[in-house]
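Student: Could you have a look at this structure, given as structure tokens, before my questions?
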Amino acid sequence: MKIKVVYLASLREQLGKSGEDLEISPATSTVAGLRALLMARGGAWQASLAQGRALRVAVNQEMAQPATPVKPGDEIAFFPPVTGG
Amino acid sequence: MGVRIQTKDFDAGAEIAALRRGNPKIGAVATFIGICRDTNDGTAVTKMTLEHYPGMTENALEKIVAEAKARWDVMEVLVVHRIGELKPADQIVLVVVTGAHRGEAFAACEFIMDYLKTRAPFWKKEETPQGARWVEARASDDEAAQRWEPPKSSAA
């Protein structure tokens, strides 16, 4: 299935990418699954997305949890804790 | 009620006047203005860049404002947040809440800021003499937001 992934703020800089369109297996059905898939790329991906790193995820621009489903056409964003205001 | 994200500066006086116009039932206006400081965590800050997540940021702010209006008896709410490059002493964010009485307006204004700081996708990157750095989220901001949560039933 096709999805869109977005990387923001410090994460975008660490990964050297602001986003990408991905074709993934339907077996990758959750946010946690997608994170594991991206971490498997190794290097900065492994380091920046590692468990324990403070990271927030949004699915279709709504805050999401590791178990939140990922469906075809979804926009999944990874970013650090917010610091506005 | 409104939420605006913009690069340009804002005029709090003009915004308040616009919000009050034609409404003689307003008896209180509570405002908050956040300003870029020249130091953070003991280091000089020469410049700051504010990034957001277009679309989600507006939606998150709209939701926070809607929740504030549901929880407190207030009339109009305005949130203006700037993005892009800012210098020390520049204004960053404006929250204006109008209502009949001050108590509800103060509470709603504080709630909006506490939730904005922890739920609205903005990120600050500071320029310092030692180089650029992303601002780290503060635990004290999470604690400030948590005090508005409804009390949870104790599991222990």
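Chains: A, B, ... in order of the structure tokens. Residues: from 1 per chain. Ligands: from 1, in order shown.
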Taking only C-alpha atoms into account and nothing else, which residues of chain A lie no more than 10 Å away from chain B? Please answer as a ChimeraX atom specification.

Tutor: /A:6-10,54,56,58,60-63,77,79-85

Student: Residues of the last selection are to be written out with all heavy atoms, as a short mmCIF file (atom, residue, chain, number, x, y, z; two decimals), in the first residue's frame.

Tutor:
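File produced: out.cif:
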data_model
loop_
_atom_site.label_atom_id
_atom_site.label_comp_id
_atom_site.auth_asym_id
_atom_site.auth_seq_id
_atom_site.Cartn_x
_atom_site.Cartn_y
_atom_site.Cartn_z
N VAL A 6 6.16 11.95 6.70
CA VAL A 6 6.67 13.31 6.87
C VAL A 6 7.62 13.34 8.07
O VAL A 6 7.33 12.72 9.10
CB VAL A 6 5.49 14.30 7.11
CG1 VAL A 6 6.00 15.70 7.40
CG2 VAL A 6 4.55 14.31 5.92
N TYR A 7 8.75 14.01 7.93
CA TYR A 7 9.70 14.17 9.04
C TYR A 7 9.85 15.65 9.32
O TYR A 7 10.06 16.44 8.39
CB TYR A 7 11.06 13.55 8.68
CG TYR A 7 10.93 12.16 8.11
CD1 TYR A 7 11.17 11.92 6.76
CD2 TYR A 7 10.54 11.09 8.91
CE1 TYR A 7 11.03 10.65 6.22
CE2 TYR A 7 10.39 9.82 8.38
CZ TYR A 7 10.64 9.60 7.03
OH TYR A 7 10.49 8.35 6.50
N LEU A 8 9.76 16.03 10.59
CA LEU A 8 9.76 17.46 10.93
C LEU A 8 10.86 17.83 11.93
O LEU A 8 11.31 16.99 12.72
CB LEU A 8 8.39 17.83 11.50
CG LEU A 8 7.23 17.78 10.49
CD1 LEU A 8 5.92 17.42 11.17
CD2 LEU A 8 7.10 19.11 9.76
N ALA A 9 11.23 19.11 11.87
CA ALA A 9 12.14 19.73 12.84
C ALA A 9 13.47 18.98 12.94
O ALA A 9 14.06 18.63 11.92
CB ALA A 9 11.44 19.87 14.20
N SER A 10 13.94 18.69 14.17
CA SER A 10 15.26 18.08 14.33
C SER A 10 15.34 16.71 13.66
O SER A 10 16.38 16.31 13.16
CB SER A 10 15.62 17.95 15.82
OG SER A 10 14.61 17.27 16.52
N ALA A 54 12.63 10.49 22.52
CA ALA A 54 11.34 11.18 22.62
C ALA A 54 10.86 11.50 21.21
O ALA A 54 11.51 12.26 20.50
CB ALA A 54 11.50 12.45 23.44
N ARG A 56 7.17 11.91 18.67
CA ARG A 56 5.72 11.96 18.54
C ARG A 56 5.36 11.55 17.13
O ARG A 56 6.15 11.76 16.20
CB ARG A 56 5.19 13.37 18.82
CG ARG A 56 5.56 13.92 20.19
CD ARG A 56 4.77 13.26 21.30
NE ARG A 56 5.09 13.84 22.59
CZ ARG A 56 6.00 13.36 23.43
NH1 ARG A 56 6.69 12.27 23.10
NH2 ARG A 56 6.22 13.94 24.59
N ALA A 58 2.00 11.51 14.25
CA ALA A 58 0.64 11.89 13.89
C ALA A 58 0.24 11.09 12.66
O ALA A 58 1.05 10.88 11.75
CB ALA A 58 0.56 13.38 13.59
N ASN A 60 -2.53 11.23 9.68
CA ASN A 60 -3.47 12.16 9.05
C ASN A 60 -3.67 13.40 9.92
O ASN A 60 -4.79 13.88 10.12
CB ASN A 60 -4.80 11.47 8.73
CG ASN A 60 -4.59 10.34 7.74
OD1 ASN A 60 -3.71 10.41 6.88
ND2 ASN A 60 -5.36 9.28 7.88
N GLN A 61 -2.55 13.89 10.46
CA GLN A 61 -2.48 15.14 11.22
C GLN A 61 -3.22 15.10 12.56
O GLN A 61 -3.55 16.14 13.12
CB GLN A 61 -2.97 16.31 10.34
CG GLN A 61 -2.21 16.35 9.00
CD GLN A 61 -2.26 17.68 8.30
OE1 GLN A 61 -3.15 18.47 8.52
NE2 GLN A 61 -1.27 17.95 7.47
N GLU A 62 -3.45 13.89 13.07
CA GLU A 62 -3.98 13.73 14.42
C GLU A 62 -2.93 12.97 15.23
O GLU A 62 -2.36 12.00 14.72
CB GLU A 62 -5.28 12.89 14.42
CG GLU A 62 -6.43 13.51 13.67
CD GLU A 62 -7.20 14.52 14.51
OE1 GLU A 62 -6.93 14.61 15.74
OE2 GLU A 62 -8.06 15.21 13.95
N MET A 63 -2.72 13.36 16.48
CA MET A 63 -1.74 12.67 17.32
C MET A 63 -2.09 11.18 17.37
O MET A 63 -3.25 10.80 17.52
CB MET A 63 -1.74 13.25 18.73
CG MET A 63 -1.16 14.66 18.80
SD MET A 63 0.51 14.85 18.13
CE MET A 63 1.44 13.92 19.33
N ALA A 77 3.33 11.36 10.21
CA ALA A 77 4.40 12.32 10.50
C ALA A 77 5.13 11.93 11.78
O ALA A 77 4.49 11.58 12.78
CB ALA A 77 3.82 13.72 10.64
N PHE A 79 7.91 13.40 14.57
CA PHE A 79 8.53 14.66 14.99
C PHE A 79 8.87 14.62 16.48
O PHE A 79 8.32 13.81 17.23
CB PHE A 79 7.62 15.84 14.67
CG PHE A 79 6.17 15.69 15.08
CD1 PHE A 79 5.76 15.95 16.38
CD2 PHE A 79 5.21 15.31 14.14
CE1 PHE A 79 4.42 15.84 16.73
CE2 PHE A 79 3.86 15.19 14.50
CZ PHE A 79 3.47 15.46 15.80
N PRO A 80 9.77 15.51 16.92
CA PRO A 80 10.12 15.56 18.35
C PRO A 80 9.01 16.25 19.13
O PRO A 80 8.12 16.87 18.53
CB PRO A 80 11.39 16.40 18.37
CG PRO A 80 11.33 17.23 17.13
CD PRO A 80 10.56 16.45 16.11
N PRO A 81 9.05 16.15 20.49
CA PRO A 81 8.08 16.87 21.31
C PRO A 81 8.06 18.36 20.92
O PRO A 81 9.10 18.92 20.57
CB PRO A 81 8.62 16.68 22.73
CG PRO A 81 9.34 15.38 22.68
CD PRO A 81 9.96 15.34 21.30
N VAL A 82 6.88 18.96 21.00
CA VAL A 82 6.71 20.31 20.46
C VAL A 82 7.24 21.38 21.42
O VAL A 82 7.29 21.17 22.64
CB VAL A 82 5.22 20.57 20.13
CG1 VAL A 82 4.72 19.51 19.16
CG2 VAL A 82 4.36 20.59 21.38
N THR A 83 7.65 22.52 20.85
CA THR A 83 8.27 23.57 21.67
C THR A 83 7.82 24.97 21.24
O THR A 83 8.61 25.91 21.24
CB THR A 83 9.80 23.48 21.58
OG1 THR A 83 10.19 23.55 20.19
CG2 THR A 83 10.33 22.19 22.17
N GLY A 84 6.54 25.11 20.87
CA GLY A 84 6.06 26.44 20.46
C GLY A 84 5.70 27.32 21.64
O GLY A 84 5.98 26.99 22.79
N GLY A 85 5.07 28.42 21.32
CA GLY A 85 4.58 29.33 22.35
C GLY A 85 5.58 30.37 22.79
O GLY A 85 6.70 30.36 22.38
#

Student: How would you write, as an MDAnalysis selection string, the set of residues in range 17-144 of chain B that DSSP gives as helix (DSSP H, G or I)?

Tutor: chainID B and resid 17:20 56:71 102:119 139:144

Student: Limited to N, CA and C atoms, could you put the picked residues into a file as a compact mmCIF listing (two decimals), in the first residue's frame?

Tutor:
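The resulting file, selection.txt, is shown below:
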# COMPACT_ATOMS: atom_id res chain seq x y z
N ALA B 17 -9.16 45.26 20.06
CA ALA B 17 -10.23 46.18 19.65
C ALA B 17 -11.17 45.49 18.66
N ALA B 18 -10.59 44.72 17.71
CA ALA B 18 -11.40 44.03 16.71
C ALA B 18 -12.29 42.98 17.37
N LEU B 19 -11.73 42.30 18.37
CA LEU B 19 -12.47 41.24 19.04
C LEU B 19 -13.62 41.80 19.89
N ARG B 20 -13.41 42.99 20.45
CA ARG B 20 -14.41 43.60 21.33
C ARG B 20 -15.51 44.33 20.56
N MET B 56 -1.86 20.52 10.33
CA MET B 56 -2.06 19.95 11.65
C MET B 56 -2.01 21.04 12.73
N THR B 57 -1.12 22.00 12.56
CA THR B 57 -0.98 23.03 13.59
C THR B 57 -2.28 23.83 13.72
N GLU B 58 -2.84 24.23 12.59
CA GLU B 58 -4.09 24.98 12.62
C GLU B 58 -5.20 24.15 13.28
N ASN B 59 -5.27 22.87 12.88
CA ASN B 59 -6.31 21.99 13.44
C ASN B 59 -6.13 21.81 14.94
N ALA B 60 -4.89 21.64 15.38
CA ALA B 60 -4.62 21.44 16.81
C ALA B 60 -5.03 22.69 17.59
N LEU B 61 -4.73 23.87 17.06
CA LEU B 61 -5.09 25.11 17.75
C LEU B 61 -6.61 25.28 17.79
N GLU B 62 -7.28 24.98 16.67
CA GLU B 62 -8.75 25.09 16.63
C GLU B 62 -9.37 24.20 17.71
N LYS B 63 -8.80 23.00 17.85
CA LYS B 63 -9.33 22.05 18.83
C LYS B 63 -9.13 22.56 20.26
N ILE B 64 -7.97 23.13 20.53
CA ILE B 64 -7.67 23.66 21.86
C ILE B 64 -8.64 24.80 22.18
N VAL B 65 -8.86 25.68 21.20
CA VAL B 65 -9.78 26.81 21.41
C VAL B 65 -11.20 26.29 21.65
N ALA B 66 -11.61 25.28 20.87
CA ALA B 66 -12.96 24.72 21.03
C ALA B 66 -13.11 24.11 22.42
N GLU B 67 -12.06 23.45 22.90
CA GLU B 67 -12.14 22.84 24.23
C GLU B 67 -12.23 23.92 25.31
N ALA B 68 -11.47 24.98 25.14
CA ALA B 68 -11.51 26.09 26.11
C ALA B 68 -12.91 26.71 26.16
N LYS B 69 -13.51 26.87 24.97
CA LYS B 69 -14.85 27.48 24.92
C LYS B 69 -15.91 26.56 25.52
N ALA B 70 -15.65 25.25 25.44
CA ALA B 70 -16.59 24.29 26.03
C ALA B 70 -16.46 24.25 27.55
N ARG B 71 -15.22 24.48 28.05
CA ARG B 71 -14.99 24.33 29.49
C ARG B 71 -15.24 25.60 30.28
N ARG B 102 -13.67 38.11 34.70
CA ARG B 102 -12.24 37.81 34.55
C ARG B 102 -11.86 36.37 34.85
N GLY B 103 -12.54 35.75 35.83
CA GLY B 103 -12.11 34.42 36.26
C GLY B 103 -12.09 33.41 35.12
N GLU B 104 -13.18 33.36 34.39
CA GLU B 104 -13.30 32.40 33.28
C GLU B 104 -12.31 32.77 32.17
N ALA B 105 -12.17 34.07 31.91
CA ALA B 105 -11.27 34.52 30.83
C ALA B 105 -9.81 34.19 31.16
N PHE B 106 -9.40 34.45 32.42
CA PHE B 106 -8.03 34.12 32.84
C PHE B 106 -7.77 32.62 32.69
N ALA B 107 -8.69 31.81 33.20
CA ALA B 107 -8.50 30.35 33.18
C ALA B 107 -8.41 29.83 31.76
N ALA B 108 -9.32 30.29 30.90
CA ALA B 108 -9.32 29.81 29.51
C ALA B 108 -8.01 30.21 28.81
N CYS B 109 -7.54 31.41 29.08
CA CYS B 109 -6.30 31.91 28.45
C CYS B 109 -5.11 31.05 28.88
N GLU B 110 -5.04 30.74 30.17
CA GLU B 110 -3.93 29.95 30.68
C GLU B 110 -3.98 28.51 30.14
N PHE B 111 -5.18 27.97 30.11
CA PHE B 111 -5.39 26.62 29.56
C PHE B 111 -4.92 26.56 28.10
N ILE B 112 -5.32 27.55 27.31
CA ILE B 112 -4.95 27.56 25.89
C ILE B 112 -3.43 27.58 25.74
N MET B 113 -2.75 28.41 26.53
CA MET B 113 -1.29 28.45 26.43
C MET B 113 -0.65 27.14 26.87
N ASP B 114 -1.14 26.56 27.97
CA ASP B 114 -0.55 25.31 28.45
C ASP B 114 -0.73 24.18 27.43
N TYR B 115 -1.88 24.14 26.78
CA TYR B 115 -2.12 23.11 25.78
C TYR B 115 -1.35 23.40 24.49
N LEU B 116 -1.29 24.68 24.13
CA LEU B 116 -0.52 25.05 22.93
C LEU B 116 0.93 24.59 23.07
N LYS B 117 1.51 24.81 24.26
CA LYS B 117 2.92 24.48 24.49
C LYS B 117 3.21 22.98 24.39
N THR B 118 2.19 22.15 24.61
CA THR B 118 2.42 20.70 24.64
C THR B 118 1.73 19.95 23.50
N ARG B 119 0.79 20.59 22.81
CA ARG B 119 0.01 19.85 21.80
C ARG B 119 0.03 20.43 20.40
N ALA B 139 9.84 19.42 30.87
CA ALA B 139 8.91 18.64 31.70
C ALA B 139 7.92 19.57 32.41
N SER B 140 8.37 20.80 32.74
CA SER B 140 7.48 21.72 33.45
C SER B 140 6.29 22.12 32.58
N ASP B 141 6.47 22.11 31.25
CA ASP B 141 5.35 22.41 30.35
C ASP B 141 4.33 21.27 30.37
N ASP B 142 4.84 20.02 30.43
CA ASP B 142 3.92 18.87 30.52
C ASP B 142 3.13 18.93 31.81
N GLU B 143 3.84 19.28 32.90
CA GLU B 143 3.16 19.36 34.21
C GLU B 143 2.11 20.46 34.20
N ALA B 144 2.43 21.58 33.56
CA ALA B 144 1.46 22.69 33.49
C ALA B 144 0.21 22.26 32.73

Student: With DSSP run on the backbone, what are the strand (DSSP E or B) residues within chain A? I'd like them as a ChimeraX atom specification.

Tutor: /A:2-7,19-23,30,56-59,62-64,69,75-79

Student: Can you spit out the residues from that selection as a PDB file, in the first residue's frame, using N, CA and C atoms?

Tutor:
ATOM      1  N   LYS A   2       0.296   2.315  -0.570  1.00  0.00           N
ATOM      2  CA  LYS A   2       1.032   3.576  -0.659  1.00  0.00           C
ATOM      3  C   LYS A   2       0.698   4.467   0.543  1.00  0.00           C
ATOM      4  N   ILE A   3       1.751   5.031   1.151  1.00  0.00           N
ATOM      5  CA  ILE A   3       1.553   5.987   2.240  1.00  0.00           C
ATOM      6  C   ILE A   3       2.522   7.159   2.039  1.00  0.00           C
ATOM      7  N   LYS A   4       2.241   8.242   2.771  1.00  0.00           N
ATOM      8  CA  LYS A   4       3.141   9.394   2.744  1.00  0.00           C
ATOM      9  C   LYS A   4       3.733   9.546   4.134  1.00  0.00           C
ATOM     10  N   VAL A   5       5.047   9.716   4.226  1.00  0.00           N
ATOM     11  CA  VAL A   5       5.685   9.887   5.531  1.00  0.00           C
ATOM     12  C   VAL A   5       6.331  11.269   5.574  1.00  0.00           C
ATOM     13  N   VAL A   6       6.164  11.949   6.705  1.00  0.00           N
ATOM     14  CA  VAL A   6       6.674  13.312   6.870  1.00  0.00           C
ATOM     15  C   VAL A   6       7.621  13.335   8.072  1.00  0.00           C
ATOM     16  N   TYR A   7       8.751  14.012   7.931  1.00  0.00           N
ATOM     17  CA  TYR A   7       9.701  14.167   9.043  1.00  0.00           C
ATOM     18  C   TYR A   7       9.853  15.652   9.319  1.00  0.00           C
ATOM     19  N   GLY A  19      10.412  14.199   3.860  1.00  0.00           N
ATOM     20  CA  GLY A  19       9.290  13.273   3.687  1.00  0.00           C
ATOM     21  C   GLY A  19       9.511  12.392   2.486  1.00  0.00           C
ATOM     22  N   GLU A  20       8.644  11.418   2.313  1.00  0.00           N
ATOM     23  CA  GLU A  20       8.755  10.506   1.166  1.00  0.00           C
ATOM     24  C   GLU A  20       7.454   9.741   0.978  1.00  0.00           C
ATOM     25  N   ASP A  21       7.223   9.348  -0.266  1.00  0.00           N
ATOM     26  CA  ASP A  21       6.095   8.457  -0.554  1.00  0.00           C
ATOM     27  C   ASP A  21       6.634   7.043  -0.505  1.00  0.00           C
ATOM     28  N   LEU A  22       5.963   6.180   0.229  1.00  0.00           N
ATOM     29  CA  LEU A  22       6.441   4.808   0.392  1.00  0.00           C
ATOM     30  C   LEU A  22       5.396   3.805  -0.065  1.00  0.00           C
ATOM     31  N   GLU A  23       5.897   2.711  -0.602  1.00  0.00           N
ATOM     32  CA  GLU A  23       5.047   1.567  -0.921  1.00  0.00           C
ATOM     33  C   GLU A  23       5.426   0.503   0.101  1.00  0.00           C
ATOM     34  N   THR A  30       0.593  -0.810  11.588  1.00  0.00           N
ATOM     35  CA  THR A  30       0.507   0.149  12.690  1.00  0.00           C
ATOM     36  C   THR A  30       1.670   1.141  12.637  1.00  0.00           C
ATOM     37  N   ARG A  56       7.169  11.914  18.667  1.00  0.00           N
ATOM     38  CA  ARG A  56       5.722  11.962  18.544  1.00  0.00           C
ATOM     39  C   ARG A  56       5.358  11.553  17.130  1.00  0.00           C
ATOM     40  N   VAL A  57       4.163  10.972  16.977  1.00  0.00           N
ATOM     41  CA  VAL A  57       3.703  10.547  15.669  1.00  0.00           C
ATOM     42  C   VAL A  57       2.280  11.044  15.452  1.00  0.00           C
ATOM     43  N   ALA A  58       2.002  11.513  14.248  1.00  0.00           N
ATOM     44  CA  ALA A  58       0.637  11.890  13.885  1.00  0.00           C
ATOM     45  C   ALA A  58       0.236  11.092  12.657  1.00  0.00           C
ATOM     46  N   VAL A  59      -1.005  10.610  12.639  1.00  0.00           N
ATOM     47  CA  VAL A  59      -1.558   9.946  11.463  1.00  0.00           C
ATOM     48  C   VAL A  59      -2.667  10.841  10.927  1.00  0.00           C
ATOM     49  N   GLU A  62      -3.453  13.888  13.067  1.00  0.00           N
ATOM     50  CA  GLU A  62      -3.981  13.727  14.422  1.00  0.00           C
ATOM     51  C   GLU A  62      -2.934  12.967  15.227  1.00  0.00           C
ATOM     52  N   MET A  63      -2.724  13.361  16.481  1.00  0.00           N
ATOM     53  CA  MET A  63      -1.743  12.668  17.316  1.00  0.00           C
ATOM     54  C   MET A  63      -2.090  11.180  17.375  1.00  0.00           C
ATOM     55  N   ALA A  64      -1.056  10.337  17.272  1.00  0.00           N
ATOM     56  CA  ALA A  64      -1.265   8.894  17.204  1.00  0.00           C
ATOM     57  C   ALA A  64      -0.434   8.180  18.258  1.00  0.00           C
ATOM     58  N   PRO A  69      -3.587   2.349  13.717  1.00  0.00           N
ATOM     59  CA  PRO A  69      -3.493   1.690  12.413  1.00  0.00           C
ATOM     60  C   PRO A  69      -2.946   2.610  11.318  1.00  0.00           C
ATOM     61  N   GLU A  75      -1.185   9.787   5.816  1.00  0.00           N
ATOM     62  CA  GLU A  75       0.003  10.636   5.982  1.00  0.00           C
ATOM     63  C   GLU A  75       0.478  10.460   7.422  1.00  0.00           C
ATOM     64  N   ILE A  76       1.680   9.897   7.566  1.00  0.00           N
ATOM     65  CA  ILE A  76       2.219   9.639   8.903  1.00  0.00           C
ATOM     66  C   ILE A  76       3.401  10.581   9.132  1.00  0.00           C
ATOM     67  N   ALA A  77       3.328  11.359  10.212  1.00  0.00           N
ATOM     68  CA  ALA A  77       4.397  12.316  10.503  1.00  0.00           C
ATOM     69  C   ALA A  77       5.127  11.926  11.777  1.00  0.00           C
ATOM     70  N   PHE A  78       6.451  11.971  11.720  1.00  0.00           N
ATOM     71  CA  PHE A  78       7.294  11.736  12.897  1.00  0.00           C
ATOM     72  C   PHE A  78       7.941  13.062  13.275  1.00  0.00           C
ATOM     73  N   PHE A  79       7.908  13.395  14.567  1.00  0.00           N
ATOM     74  CA  PHE A  79       8.534  14.655  14.994  1.00  0.00           C
ATOM     75  C   PHE A  79       8.870  14.617  16.476  1.00  0.00           C
TER      76      PHE A  79
END

Student: Between B:Arg21, B:Val80, B:Gln130, B:Val97, which one has atoms that come closest to Ile5 in chain B, using only C-alpha atoms?

Tutor: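 Among the listed residues, the smallest separation from Ile5 in chain B belongs to B:Val80.
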
Student: So which residues touch Trp45 in chain A within 12 Å, counting only C-alpha atoms, skipping near sequence neighbours fewer than 6 positions away, as number ranges by chain?

Tutor: A: 7, 11-17, 34-39, 51, 53, 78

Student: Give me a file of those residues, with C-alpha atoms, as a CSV table (one decimal), in the first residue's frame.

Tutor:
chain,number,residue,atom,x,y,z
A,7,TYR,CA,9.7,14.2,9.0
A,11,LEU,CA,14.2,14.7,13.0
A,12,ARG,CA,14.1,16.0,9.4
A,13,GLU,CA,17.7,17.3,9.9
A,14,GLN,CA,18.9,14.0,11.4
A,15,LEU,CA,17.4,12.0,8.6
A,16,GLY,CA,18.3,14.5,5.8
A,17,LYS,CA,14.7,14.2,4.4
A,34,LEU,CA,6.2,1.6,10.3
A,35,ARG,CA,8.7,2.9,12.8
A,36,ALA,CA,10.4,-0.6,13.0
A,37,LEU,CA,10.5,-0.7,9.2
A,38,LEU,CA,12.2,2.7,8.9
A,39,MET,CA,14.6,1.8,11.7
A,51,GLN,CA,12.8,3.3,21.2
A,53,ARG,CA,14.0,8.6,21.9
A,78,PHE,CA,7.3,11.7,12.9

Student: Neighbours of Lys47 in chain B within 6 Å (only C-alpha atoms; same-chain residues fewer than 2 positions away dropped), as JSON, numbers by chain?

Tutor: {"B": [45, 86, 87, 126, 127]}

Student: Can those selected residues be exported to a file as a tab-separated table (two decimals), in the first residue's frame so that it contains N, CA, C and O atoms?

Tutor:
chain	number	residue	atom	x	y	z
B	45	VAL	N	20.95	33.90	23.02
B	45	VAL	CA	20.22	33.55	21.81
B	45	VAL	C	20.19	34.78	20.91
B	45	VAL	O	19.74	35.84	21.32
B	86	LEU	N	12.75	34.89	14.06
B	86	LEU	CA	12.44	35.90	15.07
B	86	LEU	C	13.72	36.27	15.81
B	86	LEU	O	14.62	35.44	15.96
B	87	LYS	N	13.74	37.50	16.29
B	87	LYS	CA	14.90	37.98	17.05
B	87	LYS	C	14.46	38.25	18.50
B	87	LYS	O	13.27	38.41	18.78
B	126	GLU	N	17.18	27.62	17.94
B	126	GLU	CA	17.86	28.84	18.37
B	126	GLU	C	19.25	28.94	17.76
B	126	GLU	O	19.95	27.94	17.64
B	127	GLU	N	19.63	30.18	17.44
B	127	GLU	CA	21.02	30.46	17.07
B	127	GLU	C	21.72	30.98	18.31
B	127	GLU	O	21.24	31.92	18.95

Student: What does the structure give for the distance between CA of Ile24 in chain A and CA of Gly52 in chain A, in Å to one decimal?

Tutor: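 The value is 24.5 Å.
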
Student: State, in Å with one decimal place, the distance from CA of Asp73 in chain B to CA of Asp9 in chain B.

Tutor: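 CA of Asp73 in chain B sits 29.3 Å away from CA of Asp9 in chain B.
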
Student: Give me, please, the distance in Å between CA of Trp72 in chain B and CA of Gly13 in chain B, quoted to one decimal.

Tutor: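 Between CA of Trp72 in chain B and CA of Gly13 in chain B the gap is 23.6 Å.
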